[in-house]
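Source file run.cif; content: mmCIF, N, CA and C atoms.
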data_coords
#
loop_
_atom_site.label_atom_id
_atom_site.label_comp_id
_atom_site.auth_asym_id
_atom_site.auth_seq_id
_atom_site.Cartn_x
_atom_site.Cartn_y
_atom_site.Cartn_z
N MET F 1 -150.04 -36.65 -89.67
CA MET F 1 -150.05 -35.93 -88.39
C MET F 1 -151.49 -35.69 -87.93
N ARG F 2 -152.39 -35.63 -88.89
CA ARG F 2 -153.80 -35.41 -88.51
C ARG F 2 -154.27 -36.49 -87.54
N ARG F 3 -153.98 -37.74 -87.83
CA ARG F 3 -154.41 -38.83 -86.95
C ARG F 3 -153.74 -38.73 -85.60
N ALA F 4 -152.47 -38.38 -85.55
CA ALA F 4 -151.77 -38.22 -84.27
C ALA F 4 -152.40 -37.12 -83.43
N LEU F 5 -152.80 -36.02 -84.06
CA LEU F 5 -153.47 -34.94 -83.34
C LEU F 5 -154.82 -35.38 -82.79
N ASP F 6 -155.55 -36.17 -83.56
CA ASP F 6 -156.83 -36.71 -83.08
C ASP F 6 -156.61 -37.63 -81.88
N LEU F 7 -155.56 -38.44 -81.94
CA LEU F 7 -155.24 -39.33 -80.82
C LEU F 7 -154.83 -38.53 -79.59
N ALA F 8 -154.13 -37.41 -79.78
CA ALA F 8 -153.76 -36.55 -78.66
C ALA F 8 -155.01 -35.99 -77.99
N ALA F 9 -155.98 -35.60 -78.78
CA ALA F 9 -157.25 -35.09 -78.22
C ALA F 9 -157.96 -36.19 -77.43
N GLU F 10 -157.91 -37.42 -77.93
CA GLU F 10 -158.50 -38.55 -77.20
C GLU F 10 -157.79 -38.76 -75.87
N ALA F 11 -156.47 -38.60 -75.86
CA ALA F 11 -155.70 -38.75 -74.63
C ALA F 11 -156.14 -37.71 -73.61
N ALA F 12 -156.28 -36.47 -74.05
CA ALA F 12 -156.72 -35.40 -73.15
C ALA F 12 -158.09 -35.70 -72.56
N ALA F 13 -159.00 -36.18 -73.39
CA ALA F 13 -160.35 -36.51 -72.92
C ALA F 13 -160.32 -37.63 -71.88
N ALA F 14 -159.31 -38.47 -71.94
CA ALA F 14 -159.16 -39.58 -70.99
C ALA F 14 -158.34 -39.17 -69.76
N GLY F 15 -157.92 -37.90 -69.70
CA GLY F 15 -157.14 -37.43 -68.57
C GLY F 15 -155.65 -37.66 -68.69
N GLU F 16 -155.21 -38.07 -69.87
CA GLU F 16 -153.78 -38.28 -70.13
C GLU F 16 -153.20 -37.03 -70.79
N VAL F 17 -151.90 -36.81 -70.62
CA VAL F 17 -151.24 -35.71 -71.32
C VAL F 17 -151.48 -35.93 -72.82
N PRO F 18 -151.95 -34.89 -73.52
CA PRO F 18 -152.36 -35.07 -74.92
C PRO F 18 -151.21 -35.23 -75.90
N VAL F 19 -150.79 -36.47 -76.07
CA VAL F 19 -149.78 -36.81 -77.07
C VAL F 19 -150.30 -38.01 -77.85
N GLY F 20 -150.20 -37.92 -79.16
CA GLY F 20 -150.60 -39.02 -80.04
C GLY F 20 -149.45 -39.36 -80.97
N ALA F 21 -149.38 -40.63 -81.37
CA ALA F 21 -148.31 -41.08 -82.24
C ALA F 21 -148.85 -42.07 -83.27
N VAL F 22 -148.27 -42.00 -84.47
CA VAL F 22 -148.63 -42.90 -85.56
C VAL F 22 -147.35 -43.36 -86.23
N VAL F 23 -147.27 -44.66 -86.52
CA VAL F 23 -146.14 -45.21 -87.27
C VAL F 23 -146.66 -45.56 -88.66
N THR F 24 -145.97 -45.04 -89.67
CA THR F 24 -146.33 -45.36 -91.04
C THR F 24 -145.18 -46.07 -91.73
N VAL F 25 -145.55 -46.86 -92.73
CA VAL F 25 -144.57 -47.47 -93.63
C VAL F 25 -145.14 -47.25 -95.02
N GLY F 26 -144.41 -46.53 -95.83
CA GLY F 26 -144.96 -46.11 -97.12
C GLY F 26 -146.17 -45.23 -96.87
N ASP F 27 -147.27 -45.53 -97.54
CA ASP F 27 -148.50 -44.77 -97.36
C ASP F 27 -149.46 -45.41 -96.37
N ARG F 28 -148.99 -46.45 -95.69
CA ARG F 28 -149.87 -47.24 -94.81
C ARG F 28 -149.61 -46.94 -93.34
N VAL F 29 -150.71 -46.76 -92.58
CA VAL F 29 -150.60 -46.64 -91.13
C VAL F 29 -150.41 -48.04 -90.57
N LEU F 30 -149.30 -48.23 -89.87
CA LEU F 30 -148.95 -49.52 -89.31
C LEU F 30 -149.41 -49.65 -87.86
N ALA F 31 -149.26 -48.56 -87.11
CA ALA F 31 -149.64 -48.57 -85.69
C ALA F 31 -149.94 -47.15 -85.24
N GLU F 32 -150.74 -47.06 -84.19
CA GLU F 32 -151.06 -45.75 -83.63
C GLU F 32 -151.34 -45.91 -82.15
N SER F 33 -151.13 -44.82 -81.42
CA SER F 33 -151.37 -44.85 -79.99
C SER F 33 -151.47 -43.43 -79.45
N ARG F 34 -151.86 -43.36 -78.21
CA ARG F 34 -151.88 -42.11 -77.47
C ARG F 34 -151.28 -42.40 -76.10
N ASN F 35 -150.95 -41.35 -75.37
CA ASN F 35 -150.42 -41.57 -74.03
C ASN F 35 -151.40 -42.40 -73.22
N ALA F 36 -150.89 -43.34 -72.45
CA ALA F 36 -151.73 -44.23 -71.64
C ALA F 36 -151.06 -44.57 -70.31
N MET F 37 -150.28 -43.64 -69.79
CA MET F 37 -149.53 -43.91 -68.57
C MET F 37 -150.43 -44.05 -67.34
N ARG F 38 -151.36 -43.15 -67.20
CA ARG F 38 -152.25 -43.20 -66.03
C ARG F 38 -153.19 -44.39 -66.07
N GLU F 39 -153.82 -44.60 -67.19
CA GLU F 39 -154.81 -45.69 -67.25
C GLU F 39 -154.17 -47.06 -67.16
N GLY F 40 -152.91 -47.18 -67.57
CA GLY F 40 -152.24 -48.47 -67.49
C GLY F 40 -151.27 -48.58 -66.33
N ASN F 41 -151.18 -47.51 -65.52
CA ASN F 41 -150.21 -47.48 -64.43
C ASN F 41 -148.83 -47.88 -64.92
N ASP F 42 -148.46 -47.33 -66.07
CA ASP F 42 -147.20 -47.68 -66.73
C ASP F 42 -146.47 -46.40 -67.13
N PRO F 43 -145.41 -46.05 -66.42
CA PRO F 43 -144.69 -44.81 -66.74
C PRO F 43 -144.02 -44.83 -68.11
N THR F 44 -143.89 -46.00 -68.72
CA THR F 44 -143.29 -46.08 -70.06
C THR F 44 -144.33 -46.06 -71.17
N ALA F 45 -145.61 -45.96 -70.86
CA ALA F 45 -146.67 -46.02 -71.87
C ALA F 45 -146.86 -44.67 -72.56
N HIS F 46 -145.74 -44.08 -73.00
CA HIS F 46 -145.82 -42.88 -73.83
C HIS F 46 -146.37 -43.30 -75.19
N ALA F 47 -147.03 -42.39 -75.86
CA ALA F 47 -147.64 -42.69 -77.16
C ALA F 47 -146.63 -43.31 -78.12
N GLU F 48 -145.41 -42.76 -78.12
CA GLU F 48 -144.39 -43.24 -79.05
C GLU F 48 -144.00 -44.69 -78.75
N ILE F 49 -143.78 -45.00 -77.49
CA ILE F 49 -143.34 -46.34 -77.10
C ILE F 49 -144.41 -47.38 -77.45
N VAL F 50 -145.66 -47.06 -77.13
CA VAL F 50 -146.75 -48.00 -77.42
C VAL F 50 -146.89 -48.21 -78.93
N ALA F 51 -146.77 -47.14 -79.70
CA ALA F 51 -146.88 -47.27 -81.16
C ALA F 51 -145.70 -48.05 -81.74
N ILE F 52 -144.50 -47.81 -81.24
CA ILE F 52 -143.32 -48.54 -81.72
C ILE F 52 -143.46 -50.02 -81.39
N ARG F 53 -143.90 -50.35 -80.18
CA ARG F 53 -144.09 -51.76 -79.80
C ARG F 53 -145.10 -52.43 -80.72
N SER F 54 -146.19 -51.74 -80.99
CA SER F 54 -147.24 -52.30 -81.84
C SER F 54 -146.73 -52.51 -83.27
N ALA F 55 -146.00 -51.54 -83.79
CA ALA F 55 -145.47 -51.66 -85.15
C ALA F 55 -144.49 -52.83 -85.24
N ALA F 56 -143.62 -52.95 -84.25
CA ALA F 56 -142.64 -54.05 -84.26
C ALA F 56 -143.34 -55.40 -84.20
N ALA F 57 -144.38 -55.49 -83.38
CA ALA F 57 -145.13 -56.75 -83.27
C ALA F 57 -145.81 -57.09 -84.60
N LYS F 58 -146.39 -56.09 -85.25
CA LYS F 58 -147.06 -56.34 -86.53
C LYS F 58 -146.08 -56.77 -87.62
N LEU F 59 -144.90 -56.19 -87.60
CA LEU F 59 -143.90 -56.54 -88.62
C LEU F 59 -143.10 -57.78 -88.24
N GLY F 60 -143.15 -58.16 -86.98
CA GLY F 60 -142.39 -59.32 -86.53
C GLY F 60 -140.90 -59.09 -86.49
N THR F 61 -140.50 -57.85 -86.21
CA THR F 61 -139.08 -57.50 -86.15
C THR F 61 -138.87 -56.30 -85.24
N SER F 62 -137.68 -56.20 -84.70
CA SER F 62 -137.36 -55.03 -83.87
C SER F 62 -136.79 -53.88 -84.70
N ARG F 63 -136.54 -54.13 -85.96
CA ARG F 63 -135.99 -53.11 -86.86
C ARG F 63 -137.11 -52.48 -87.68
N LEU F 64 -137.31 -51.21 -87.46
CA LEU F 64 -138.37 -50.48 -88.18
C LEU F 64 -137.75 -49.50 -89.17
N ASP F 65 -136.76 -49.98 -89.91
CA ASP F 65 -135.94 -49.10 -90.74
C ASP F 65 -136.65 -48.46 -91.94
N GLU F 66 -137.83 -48.89 -92.27
CA GLU F 66 -138.59 -48.25 -93.34
C GLU F 66 -139.76 -47.43 -92.79
N CYS F 67 -139.83 -47.29 -91.47
CA CYS F 67 -140.97 -46.65 -90.83
C CYS F 67 -140.69 -45.20 -90.43
N ILE F 68 -141.77 -44.43 -90.39
CA ILE F 68 -141.73 -43.05 -89.94
C ILE F 68 -142.63 -42.93 -88.72
N LEU F 69 -142.13 -42.28 -87.67
CA LEU F 69 -142.93 -42.01 -86.48
C LEU F 69 -143.41 -40.57 -86.55
N TRP F 70 -144.73 -40.41 -86.47
CA TRP F 70 -145.37 -39.10 -86.43
C TRP F 70 -145.89 -38.91 -85.01
N VAL F 71 -145.46 -37.87 -84.32
CA VAL F 71 -145.87 -37.65 -82.94
C VAL F 71 -146.12 -36.16 -82.72
N THR F 72 -147.09 -35.86 -81.87
CA THR F 72 -147.52 -34.48 -81.70
C THR F 72 -146.58 -33.63 -80.86
N LEU F 73 -145.72 -34.26 -80.08
CA LEU F 73 -144.80 -33.53 -79.21
C LEU F 73 -143.39 -34.09 -79.38
N GLU F 74 -142.41 -33.21 -79.32
CA GLU F 74 -141.01 -33.65 -79.38
C GLU F 74 -140.80 -34.80 -78.39
N PRO F 75 -140.29 -35.92 -78.83
CA PRO F 75 -140.08 -37.06 -77.93
C PRO F 75 -139.11 -36.75 -76.79
N CYS F 76 -139.38 -37.37 -75.65
CA CYS F 76 -138.48 -37.28 -74.51
C CYS F 76 -137.25 -38.14 -74.81
N ALA F 77 -136.29 -38.15 -73.90
CA ALA F 77 -135.07 -38.92 -74.11
C ALA F 77 -135.37 -40.42 -74.26
N MET F 78 -136.29 -40.95 -73.45
CA MET F 78 -136.63 -42.38 -73.54
C MET F 78 -137.18 -42.71 -74.92
N CYS F 79 -138.11 -41.89 -75.40
CA CYS F 79 -138.74 -42.17 -76.68
C CYS F 79 -137.78 -41.95 -77.85
N ALA F 80 -136.95 -40.92 -77.75
CA ALA F 80 -135.95 -40.68 -78.79
C ALA F 80 -134.98 -41.86 -78.87
N ALA F 81 -134.57 -42.38 -77.72
CA ALA F 81 -133.68 -43.54 -77.71
C ALA F 81 -134.37 -44.75 -78.34
N ALA F 82 -135.67 -44.92 -78.08
CA ALA F 82 -136.41 -46.04 -78.68
C ALA F 82 -136.47 -45.90 -80.20
N VAL F 83 -136.64 -44.68 -80.70
CA VAL F 83 -136.63 -44.44 -82.15
C VAL F 83 -135.29 -44.85 -82.73
N SER F 84 -134.21 -44.51 -82.04
CA SER F 84 -132.88 -44.87 -82.51
C SER F 84 -132.66 -46.38 -82.48
N VAL F 85 -133.00 -47.01 -81.37
CA VAL F 85 -132.79 -48.46 -81.23
C VAL F 85 -133.62 -49.23 -82.27
N ALA F 86 -134.81 -48.72 -82.57
CA ALA F 86 -135.67 -49.36 -83.58
C ALA F 86 -135.18 -49.05 -85.00
N ARG F 87 -134.20 -48.17 -85.09
CA ARG F 87 -133.61 -47.77 -86.37
C ARG F 87 -134.66 -47.24 -87.35
N MET F 88 -135.55 -46.40 -86.80
CA MET F 88 -136.61 -45.83 -87.62
C MET F 88 -136.03 -44.89 -88.67
N LYS F 89 -136.65 -44.91 -89.82
CA LYS F 89 -136.20 -44.10 -90.95
C LYS F 89 -136.29 -42.61 -90.65
N ALA F 90 -137.42 -42.20 -90.03
CA ALA F 90 -137.63 -40.77 -89.82
C ALA F 90 -138.53 -40.51 -88.62
N LEU F 91 -138.39 -39.31 -88.09
CA LEU F 91 -139.22 -38.81 -87.00
C LEU F 91 -139.80 -37.48 -87.43
N ARG F 92 -141.10 -37.36 -87.31
CA ARG F 92 -141.81 -36.11 -87.59
C ARG F 92 -142.59 -35.74 -86.33
N PHE F 93 -142.40 -34.52 -85.83
CA PHE F 93 -143.12 -34.14 -84.62
C PHE F 93 -143.73 -32.75 -84.74
N GLY F 94 -144.69 -32.50 -83.87
CA GLY F 94 -145.40 -31.22 -83.86
C GLY F 94 -144.70 -30.18 -83.02
N ALA F 95 -145.13 -30.03 -81.77
CA ALA F 95 -144.60 -28.99 -80.88
C ALA F 95 -143.28 -29.40 -80.25
N GLU F 96 -142.40 -28.42 -80.07
CA GLU F 96 -141.17 -28.66 -79.33
C GLU F 96 -141.50 -28.73 -77.84
N ASP F 97 -140.63 -29.40 -77.09
CA ASP F 97 -140.81 -29.55 -75.64
C ASP F 97 -139.54 -29.08 -74.93
N PRO F 98 -139.45 -27.78 -74.64
CA PRO F 98 -138.24 -27.25 -74.00
C PRO F 98 -137.93 -27.87 -72.63
N LYS F 99 -138.95 -28.31 -71.91
CA LYS F 99 -138.73 -28.88 -70.57
C LYS F 99 -138.39 -30.36 -70.60
N GLY F 100 -139.04 -31.13 -71.46
CA GLY F 100 -138.87 -32.57 -71.42
C GLY F 100 -138.40 -33.22 -72.71
N GLY F 101 -138.16 -32.42 -73.73
CA GLY F 101 -137.76 -32.97 -75.01
C GLY F 101 -136.36 -33.57 -74.98
N GLY F 102 -136.15 -34.53 -75.86
CA GLY F 102 -134.85 -35.18 -75.93
C GLY F 102 -134.24 -35.16 -77.32
N VAL F 103 -134.85 -34.38 -78.23
CA VAL F 103 -134.37 -34.35 -79.61
C VAL F 103 -133.71 -33.01 -79.92
N VAL F 104 -134.45 -31.91 -79.83
CA VAL F 104 -133.87 -30.58 -80.06
C VAL F 104 -133.62 -29.85 -78.75
N HIS F 105 -134.08 -30.41 -77.66
CA HIS F 105 -133.85 -29.87 -76.31
C HIS F 105 -133.23 -30.95 -75.44
N GLY F 106 -132.87 -30.58 -74.23
CA GLY F 106 -132.36 -31.54 -73.27
C GLY F 106 -131.16 -32.31 -73.78
N PRO F 107 -131.20 -33.64 -73.67
CA PRO F 107 -130.01 -34.43 -74.02
C PRO F 107 -129.72 -34.56 -75.51
N ARG F 108 -130.63 -34.14 -76.36
CA ARG F 108 -130.41 -34.21 -77.81
C ARG F 108 -129.82 -35.57 -78.22
N ILE F 109 -130.60 -36.59 -77.98
CA ILE F 109 -130.17 -37.98 -78.13
C ILE F 109 -129.46 -38.26 -79.45
N PHE F 110 -130.00 -37.75 -80.54
CA PHE F 110 -129.45 -38.10 -81.85
C PHE F 110 -128.10 -37.45 -82.14
N THR F 111 -127.68 -36.48 -81.34
CA THR F 111 -126.38 -35.85 -81.54
C THR F 111 -125.28 -36.47 -80.68
N GLN F 112 -125.65 -37.38 -79.81
CA GLN F 112 -124.67 -38.00 -78.91
C GLN F 112 -123.78 -38.98 -79.67
N PRO F 113 -122.49 -39.01 -79.34
CA PRO F 113 -121.59 -39.93 -80.03
C PRO F 113 -121.94 -41.40 -79.80
N THR F 114 -122.67 -41.69 -78.75
CA THR F 114 -123.07 -43.08 -78.46
C THR F 114 -124.34 -43.49 -79.20
N CYS F 115 -124.95 -42.57 -79.91
CA CYS F 115 -126.17 -42.87 -80.68
C CYS F 115 -125.74 -43.53 -81.99
N HIS F 116 -126.17 -44.77 -82.19
CA HIS F 116 -125.74 -45.53 -83.35
C HIS F 116 -126.61 -45.35 -84.59
N HIS F 117 -127.81 -44.81 -84.40
CA HIS F 117 -128.69 -44.58 -85.55
C HIS F 117 -129.39 -43.24 -85.36
N ARG F 118 -129.34 -42.42 -86.39
CA ARG F 118 -129.96 -41.10 -86.36
C ARG F 118 -131.00 -41.02 -87.46
N PRO F 119 -132.28 -40.93 -87.09
CA PRO F 119 -133.32 -40.82 -88.13
C PRO F 119 -133.33 -39.42 -88.73
N ASP F 120 -133.97 -39.29 -89.85
CA ASP F 120 -134.23 -37.98 -90.42
C ASP F 120 -135.28 -37.31 -89.53
N VAL F 121 -135.03 -36.10 -89.05
CA VAL F 121 -135.92 -35.43 -88.10
C VAL F 121 -136.46 -34.14 -88.69
N LEU F 122 -137.77 -33.95 -88.53
CA LEU F 122 -138.41 -32.70 -88.93
C LEU F 122 -139.49 -32.38 -87.91
N GLY F 123 -139.39 -31.21 -87.31
CA GLY F 123 -140.38 -30.79 -86.32
C GLY F 123 -141.24 -29.65 -86.86
N GLY F 124 -142.22 -29.27 -86.06
CA GLY F 124 -143.08 -28.14 -86.40
C GLY F 124 -144.30 -28.50 -87.23
N ILE F 125 -144.55 -29.78 -87.45
CA ILE F 125 -145.69 -30.22 -88.27
C ILE F 125 -146.93 -30.26 -87.38
N GLY F 126 -147.91 -29.41 -87.65
CA GLY F 126 -149.08 -29.33 -86.79
C GLY F 126 -148.78 -28.72 -85.44
N GLU F 127 -147.72 -27.94 -85.38
CA GLU F 127 -147.23 -27.40 -84.11
C GLU F 127 -148.26 -26.57 -83.36
N ALA F 128 -148.97 -25.68 -84.04
CA ALA F 128 -149.92 -24.80 -83.36
C ALA F 128 -151.04 -25.60 -82.69
N GLU F 129 -151.58 -26.57 -83.38
CA GLU F 129 -152.66 -27.38 -82.82
C GLU F 129 -152.16 -28.25 -81.67
N ALA F 130 -150.99 -28.84 -81.84
CA ALA F 130 -150.41 -29.68 -80.79
C ALA F 130 -150.14 -28.84 -79.53
N ALA F 131 -149.56 -27.67 -79.71
CA ALA F 131 -149.27 -26.79 -78.57
C ALA F 131 -150.55 -26.34 -77.89
N ALA F 132 -151.58 -26.03 -78.67
CA ALA F 132 -152.86 -25.60 -78.10
C ALA F 132 -153.49 -26.70 -77.25
N LEU F 133 -153.42 -27.95 -77.72
CA LEU F 133 -153.95 -29.07 -76.93
C LEU F 133 -153.24 -29.17 -75.58
N LEU F 134 -151.93 -29.04 -75.59
CA LEU F 134 -151.15 -29.12 -74.36
C LEU F 134 -151.43 -27.95 -73.43
N THR F 135 -151.46 -26.74 -73.99
CA THR F 135 -151.73 -25.56 -73.17
C THR F 135 -153.09 -25.62 -72.50
N THR F 136 -154.10 -26.00 -73.25
CA THR F 136 -155.45 -26.14 -72.69
C THR F 136 -155.50 -27.22 -71.62
N PHE F 137 -154.88 -28.35 -71.89
CA PHE F 137 -154.88 -29.47 -70.94
C PHE F 137 -154.29 -29.04 -69.60
N PHE F 138 -153.13 -28.41 -69.63
CA PHE F 138 -152.48 -28.03 -68.38
C PHE F 138 -153.15 -26.84 -67.71
N ALA F 139 -153.72 -25.92 -68.48
CA ALA F 139 -154.42 -24.77 -67.91
C ALA F 139 -155.65 -25.24 -67.11
N GLU F 140 -156.31 -26.28 -67.59
CA GLU F 140 -157.48 -26.80 -66.91
C GLU F 140 -157.13 -27.50 -65.59
N ARG F 141 -155.88 -27.86 -65.42
CA ARG F 141 -155.45 -28.57 -64.23
C ARG F 141 -154.75 -27.68 -63.21
N ARG F 142 -154.55 -26.44 -63.54
CA ARG F 142 -153.86 -25.52 -62.62
C ARG F 142 -154.83 -24.63 -61.91
#
What do you get writing this file as structure tokens?
Amino acid sequence: MRRALDLAAEAAAAGEVPVGAVVTVGDRVLAESRNAMREGNDPTAHAEIVAIRSAAAKLGTSRLDECILWVTLEPCAMCAAAVSVARMKALRFGAEDPKGGGVVHGPRIFTQPTCHHRPDVLGGIGEAEAAALLTTFFAERR
């Protein structure tokens, strides 16, 4: 989670919402990313999506069943669905997102009967630092 938090800080410095994501397999970092929606003019360039795409490309498969996604903010519905479709082993996240989250808030993707794969989920890892990055980022823009 430390690397994901550092990536979130990099995103904030670049004017992006501070979210960072890292995909690991075993003890190895396979892929990492930060939000890049503004700089790439891509509304799908959430940190999680970019990291999942990179991990899949490196492994040469769409199935990431031995991988863990570490992300600083509770994934939105789009990103949670991508975790499920990629059949990721586990999801670890920092701060909850009551407004835009899709795991413990909002649509709760993994609890839906149409969800075919449910990763092991654990939130609250690095939560205080992740929340502080977000609070500072948005306070500076208001």
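Among the candidate residues F:Ala4, F:Val121, F:Ile49, F:Val17, the one lying nearest to Ala139 (chain F) is F:Val17, with distances computed using only C-alpha atoms.
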Step one, run DSSP on the backbone; step two, keep only residues of region 80-115 of chain F assigned to helix (DSSP H, G or I); then write them as a short mmCIF file (atom, residue, chain, number, x, y, z; two decimals) with N, CA and C atoms, in the frame of the given file.
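As written to disk, part-v7.cif reads:
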data_model
loop_
_atom_site.label_atom_id
_atom_site.label_comp_id
_atom_site.auth_asym_id
_atom_site.auth_seq_id
_atom_site.Cartn_x
_atom_site.Cartn_y
_atom_site.Cartn_z
N ALA F 80 -136.95 -40.92 -77.75
CA ALA F 80 -135.95 -40.68 -78.79
C ALA F 80 -134.98 -41.86 -78.87
N ALA F 81 -134.57 -42.38 -77.72
CA ALA F 81 -133.68 -43.54 -77.71
C ALA F 81 -134.37 -44.75 -78.34
N ALA F 82 -135.67 -44.92 -78.08
CA ALA F 82 -136.41 -46.04 -78.68
C ALA F 82 -136.47 -45.90 -80.20
N VAL F 83 -136.64 -44.68 -80.70
CA VAL F 83 -136.63 -44.44 -82.15
C VAL F 83 -135.29 -44.85 -82.73
N SER F 84 -134.21 -44.51 -82.04
CA SER F 84 -132.88 -44.87 -82.51
C SER F 84 -132.66 -46.38 -82.48
N VAL F 85 -133.00 -47.01 -81.37
CA VAL F 85 -132.79 -48.46 -81.23
C VAL F 85 -133.62 -49.23 -82.27
N ILE F 109 -130.60 -36.59 -77.98
CA ILE F 109 -130.17 -37.98 -78.13
C ILE F 109 -129.46 -38.26 -79.45
N PHE F 110 -130.00 -37.75 -80.54
CA PHE F 110 -129.45 -38.10 -81.85
C PHE F 110 -128.10 -37.45 -82.14
N THR F 111 -127.68 -36.48 -81.34
CA THR F 111 -126.38 -35.85 -81.54
C THR F 111 -125.28 -36.47 -80.68
#
Do you know which residues are at most 8 Å from Cys79 (chain F) counting only N, CA and C atoms, after dropping those on the same chain fewer than 5 positions away, and could you put them as a PDB file with N, CA and C atoms, in the coordinates of the input?
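Okay, this is what ended up in selection-v3.pdb:
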ATOM      1  N   HIS F  46    -145.740 -44.080 -73.000  1.00  0.00           N
ATOM      2  CA  HIS F  46    -145.820 -42.880 -73.830  1.00  0.00           C
ATOM      3  C   HIS F  46    -146.370 -43.300 -75.190  1.00  0.00           C
ATOM      4  N   GLU F  48    -145.410 -42.760 -78.120  1.00  0.00           N
ATOM      5  CA  GLU F  48    -144.390 -43.240 -79.050  1.00  0.00           C
ATOM      6  C   GLU F  48    -144.000 -44.690 -78.750  1.00  0.00           C
ATOM      7  N   ILE F  49    -143.780 -45.000 -77.490  1.00  0.00           N
ATOM      8  CA  ILE F  49    -143.340 -46.340 -77.100  1.00  0.00           C
ATOM      9  C   ILE F  49    -144.410 -47.380 -77.450  1.00  0.00           C
ATOM     10  N   GLU F  74    -142.410 -33.210 -79.320  1.00  0.00           N
ATOM     11  CA  GLU F  74    -141.010 -33.650 -79.380  1.00  0.00           C
ATOM     12  C   GLU F  74    -140.800 -34.800 -78.390  1.00  0.00           C
ATOM     13  N   SER F  84    -134.210 -44.510 -82.040  1.00  0.00           N
ATOM     14  CA  SER F  84    -132.880 -44.870 -82.510  1.00  0.00           C
ATOM     15  C   SER F  84    -132.660 -46.380 -82.480  1.00  0.00           C
ATOM     16  N   VAL F  85    -133.000 -47.010 -81.370  1.00  0.00           N
ATOM     17  CA  VAL F  85    -132.790 -48.460 -81.230  1.00  0.00           C
ATOM     18  C   VAL F  85    -133.620 -49.230 -82.270  1.00  0.00           C
ATOM     19  N   GLY F 102    -136.150 -34.530 -75.860  1.00  0.00           N
ATOM     20  CA  GLY F 102    -134.850 -35.180 -75.930  1.00  0.00           C
ATOM     21  C   GLY F 102    -134.240 -35.160 -77.320  1.00  0.00           C
TER      22      GLY F 102
END
ask   = Where does the PyMOL selection byres ((chain F and resi 33) around 6) land in this file, that is, which residues does it pick, as a ChimeraX atom specification?
value = /F:7,19-22,31-32,34-35,47,50-51
query = Mind checking DSSP for chain F and telling me the strand (DSSP E or B) residues as number ranges by chain?
reply = F: 20-25, 28-34, 67-73, 90-95, 120-122
Pick from F:Ala82, F:Gly106, F:Ser62, F:Phe137, whichever lies nearest to Ala12 (chain F) using only N, CA and C atoms = F:Phe137
For Met88 (chain F): contacts at 8 Å, only C-alpha atoms, fewer than 3 positions along chain excluded, given as a ChimeraX atom specification = /F:63-69,83-85,91,119
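The residue set within 9 Å of Cys76 (chain F), counting only C-alpha atoms and dropping same-chain residues fewer than 6 places from it, reads Asp97, Gly100, Gly101, Gly102, Val103, His105, Gly106 and Pro107 of chain F.
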With N, CA and C atoms retained, export the selected residues as an mmCIF file, in the coordinates of the input.
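See part_31.cif below for the written result:
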data_model
loop_
_atom_site.group_PDB
_atom_site.id
_atom_site.type_symbol
_atom_site.label_atom_id
_atom_site.label_comp_id
_atom_site.auth_asym_id
_atom_site.auth_seq_id
_atom_site.Cartn_x
_atom_site.Cartn_y
_atom_site.Cartn_z
ATOM 1 N N ASP F 97 -140.630 -29.400 -77.090
ATOM 2 C CA ASP F 97 -140.810 -29.550 -75.640
ATOM 3 C C ASP F 97 -139.540 -29.080 -74.930
ATOM 4 N N GLY F 100 -139.040 -31.130 -71.460
ATOM 5 C CA GLY F 100 -138.870 -32.570 -71.420
ATOM 6 C C GLY F 100 -138.400 -33.220 -72.710
ATOM 7 N N GLY F 101 -138.160 -32.420 -73.730
ATOM 8 C CA GLY F 101 -137.760 -32.970 -75.010
ATOM 9 C C GLY F 101 -136.360 -33.570 -74.980
ATOM 10 N N GLY F 102 -136.150 -34.530 -75.860
ATOM 11 C CA GLY F 102 -134.850 -35.180 -75.930
ATOM 12 C C GLY F 102 -134.240 -35.160 -77.320
ATOM 13 N N VAL F 103 -134.850 -34.380 -78.230
ATOM 14 C CA VAL F 103 -134.370 -34.350 -79.610
ATOM 15 C C VAL F 103 -133.710 -33.010 -79.920
ATOM 16 N N HIS F 105 -134.080 -30.410 -77.660
ATOM 17 C CA HIS F 105 -133.850 -29.870 -76.310
ATOM 18 C C HIS F 105 -133.230 -30.950 -75.440
ATOM 19 N N GLY F 106 -132.870 -30.580 -74.230
ATOM 20 C CA GLY F 106 -132.360 -31.540 -73.270
ATOM 21 C C GLY F 106 -131.160 -32.310 -73.780
ATOM 22 N N PRO F 107 -131.200 -33.640 -73.670
ATOM 23 C CA PRO F 107 -130.010 -34.430 -74.020
ATOM 24 C C PRO F 107 -129.720 -34.560 -75.510
#
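Counting from atom N of Thr61 (chain F), the distance to atom N of Leu122 (chain F) is 24.2 Å.
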request  = Measuring atom to atom with all atoms listed in the file, identify which of F:Ala56, F:Val71, F:Ala95, F:Leu30 is nearest to Glu127 (chain F).
outcome  = F:Ala95
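The interatomic distance for the pair CA of Glu39 (chain F) and atom C of Ala128 (chain F) works out to 25.6 Å.
Counting all atoms listed in the file and comparing F:Ile125, F:Ile109, F:Asp27, F:Ala86, the residue that lies closest to Arg2 (chain F) is F:Ile125.
Minimum atom-to-atom distances from F:Ala36, F:Arg28, F:Arg108, F:Gly124 to Glu16 (chain F) were compared using all atoms listed in the file, and the lowest value belongs to F:Ala36.
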Axis-aligned box for region 125-142 of chain F, 6 Å per side, centre and edges in Å as AutoDock Vina command-line options:
--center_x -151.0 --center_y -27.4 --center_z -75.1 --size_x 24.9 --size_y 17.6 --size_z 38.4
request  = State, in Å with one decimal place, the distance from atom N of Ala90 (chain F) to CA of Asp120 (chain F).
outcome  = 5.3 Å
message = Measuring between only C-alpha atoms, which one of F:Ala13, F:Ala55, F:Met37, F:Ala80 shows the shortest distance to Val104 (chain F)?
response = F:Ala80
